[in-house]
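Notes follow once the structure below has been shown.
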Amino acid sequence: MSDDSGIRQITISEQIADHVLALISEQNLQPGDQLPSETELARTFNVSRPAVREATNALARQGIIMKAAGKRPVVRALSQRSFANLVIHGLVTRQMSVIEVLEARSGLEMIAAELAADYITEEETALLREVAEQLKKHVGDDEFSIHDQHLHRIIVDASRNSLIRNLLDGISSAVAQSCEAGLKLVYEADEWGQVLQLHLGIADAIIQKDKDAARIAMNAHFVSAIARTRKHLSWHRNSERIAIGGLGAGKRAV
C-alpha cells in the first residue's frame, strides 16, 4: 500500500513488529526468554489481537522468535536458515553466481584470518597443524576438499566473530559447493602444488600469529580460486558457442 507520492506506508502489523523488536532490545531478552502473550501485547500497544498475531507470525518467519500453540512467544537463537534459503534460491535461479559467493567469502574470510591470528587457541593451533598435514597427504585426491573446508572452519571459529561465523554458516552449502567446484578445475600437478602452498601459507601465518601475512595469504588463495573459476566459466561459454555454431552449420549443410 502506498500514497499518491509513491511512498510505501507501514502497516499496523509492521509497526507492532518494530515495537516487539524494541521490547526485546530494551529488556535485554536473550534466546529462550519469553515475550508477553499476544493478549498482553495487544493491551500494551492498544491494538487488536489479530494484528499482534500477524506481527508475531512475521517475526517467527524471520527466525527472530518461536511460537507454539498455547505458549508465549520465545526469543529465538540466531538461525542461518533465512539467509541460507536466500543464497540457495539465488544460485538455483541464477540471480547470483559461484563467483559472487567466492567474492563474498573472500572479504569475510580475509577478516576472519586476521582475527584468528590474534585469537587462536593452542588447541585450535594443533588442529590447524593436523589439517595442514592432511592437506599434504591428500593433495590431488577427492578428500582434499574435506580437509580444505575443515581448515576454513577452524579459522572462522578462531576469529571469535559470531557475525562472520553466522554469515558463512548461512551459505555453508554454497561454500562447500564452491570449494568442490574450485578444486575440480585443478588438473595439472603444478596447479595442485600451488593450491596446497596457498592453503599452507594461510595456516602458517595464523599459527605464527602474523595478522598481515594471514590476511594477505587468504586474499592470495581467493584471487587464485576466482581466477581459476572465471577461466573455466569463460571456456565453458566458448564451448557452448562453438557447439551451437556447429549445429547451425550442420543444418545449413542439410
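Labels for the C-alpha cells follow display order: chains A, B, ..., residues from 1 in each chain, ligands from 1.
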Shell of 9 Å around Asp204 of chain A, only C-alpha atoms, local chain residues under 4 positions omitted, as a list in words: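 Once the nearby chain positions are removed, what remains is Leu128, Arg129, Ala132, His199, Leu200, Gln208, Lys209, Asp210 and Ala214 of chain A.
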*Contacts of segment 147-159 of chain A at 8 Å (only C-alpha atoms; same-chain gap of 3+ positions) as a ChimeraX atom specification*: /A:109,112-121,124,127-128,131-132,134-135,143-144,164-165,176,179,199,203
If you run DSSP on the backbone, which residues of segment 37-133 of chain A are helix (DSSP H, G or I), as a PyMOL selection string? chain A and resi 38-45+49-61+81-92+98-119+122-133
Exercise for review: Compile the contact shell of Asp190 of chain A as a PyMOL selection string: residues with an atom at most 12 Å away, counting only C-alpha atoms, same-chain residues fewer than 6 positions apart removed.
Suggested key: chain A and resi 139-140+196-197
### Contacts of segment 217-227 of chain A at 8 Å (only C-alpha atoms; same-chain gap of 4+ positions) as an MDAnalysis selection string
chainID A and resid 99 102:103 106 109:110 113 182 195 198:199 201:202 205 213 231
Written file, previous selection with C-alpha atoms, as a CSV table (one decimal), in the first residue's frame:
chain,number,residue,atom,x,y,z
A,99,ILE,CA,31.9,-16.2,-8.5
A,102,LEU,CA,33.7,-16.7,-3.7
A,103,GLU,CA,34.0,-12.9,-3.7
A,106,SER,CA,37.0,-13.7,0.2
A,109,GLU,CA,37.5,-14.8,5.4
A,110,MET,CA,40.3,-12.3,5.0
A,113,ALA,CA,42.1,-15.0,9.1
A,182,GLY,CA,37.1,-24.9,-7.5
A,195,VAL,CA,46.7,-24.8,-4.3
A,198,LEU,CA,48.3,-21.3,-0.7
A,199,HIS,CA,46.5,-23.2,2.0
A,201,GLY,CA,50.6,-20.3,3.7
A,202,ILE,CA,47.3,-19.3,5.4
A,205,ALA,CA,50.7,-17.3,9.0
A,213,ALA,CA,50.5,-12.3,6.5
A,231,LYS,CA,38.8,-19.1,-16.7
| query | Just asking: which residues within segment 38-241 of chain A are strand (DSSP E) according to DSSP, as a list in words? | reply |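 Everything in segment 38-241 of chain A that counts as strand (DSSP E) is Ile65, Met66, Val74 and Val75 of chain A.
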Using only C-alpha atoms, please write the residues we just selected to a file, as a compact mmCIF listing (two decimals), in the first residue's frame.
# COMPACT_ATOMS: atom_id res chain seq x y z
CA ILE A 65 11.02 -15.57 17.72
CA MET A 66 9.49 -19.01 18.16
CA VAL A 74 10.11 -17.04 22.86
CA VAL A 75 13.20 -15.21 21.60
Among the residues A:Arg105, A:Arg94, A:Lys67, A:Arg61, the one that comes closest to Leu167 of chain A [using only C-alpha atoms]: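 The shortest atom-to-atom distance to Leu167 of chain A comes from A:Arg105.
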key: Å distance separating atom CA of Asn166 of chain A from atom CA of Ala77 of chain A, one decimal place   =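 Computing it gives 11.3 Å between the two atoms.
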Problem - Point-to-point distance in Å for atom CA of Arg215 of chain A and atom CA of Gly107 of chain A - result: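 Straight-line distance from atom CA of Gly107 of chain A to atom CA of Arg215 of chain A works out to 9.7 Å.
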Of the listed residues A:Asp212, A:Glu100, A:Thr93, A:Gln15, that which approaches Thr229 of chain A most closely, counting only C-alpha atoms =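 Going through A:Asp212, A:Glu100, A:Thr93, A:Gln15 one by one, the smallest distance to Thr229 of chain A is for A:Glu100.
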| Which residues, written as number ranges by chain, have at least one atom at most 9 Å from Val52 of chain A, with only C-alpha atoms counted and residues fewer than 6 positions away on the same chain left out? | A: 12-13, 16-17, 38-39, 41-42, 45
Item to check | Length of the atom CA of Leu91 of chain A to atom CA of Asp169 of chain A vector [Å] | outcome: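 Straight-line distance from atom CA of Leu91 of chain A to atom CA of Asp169 of chain A works out to 16.0 Å.
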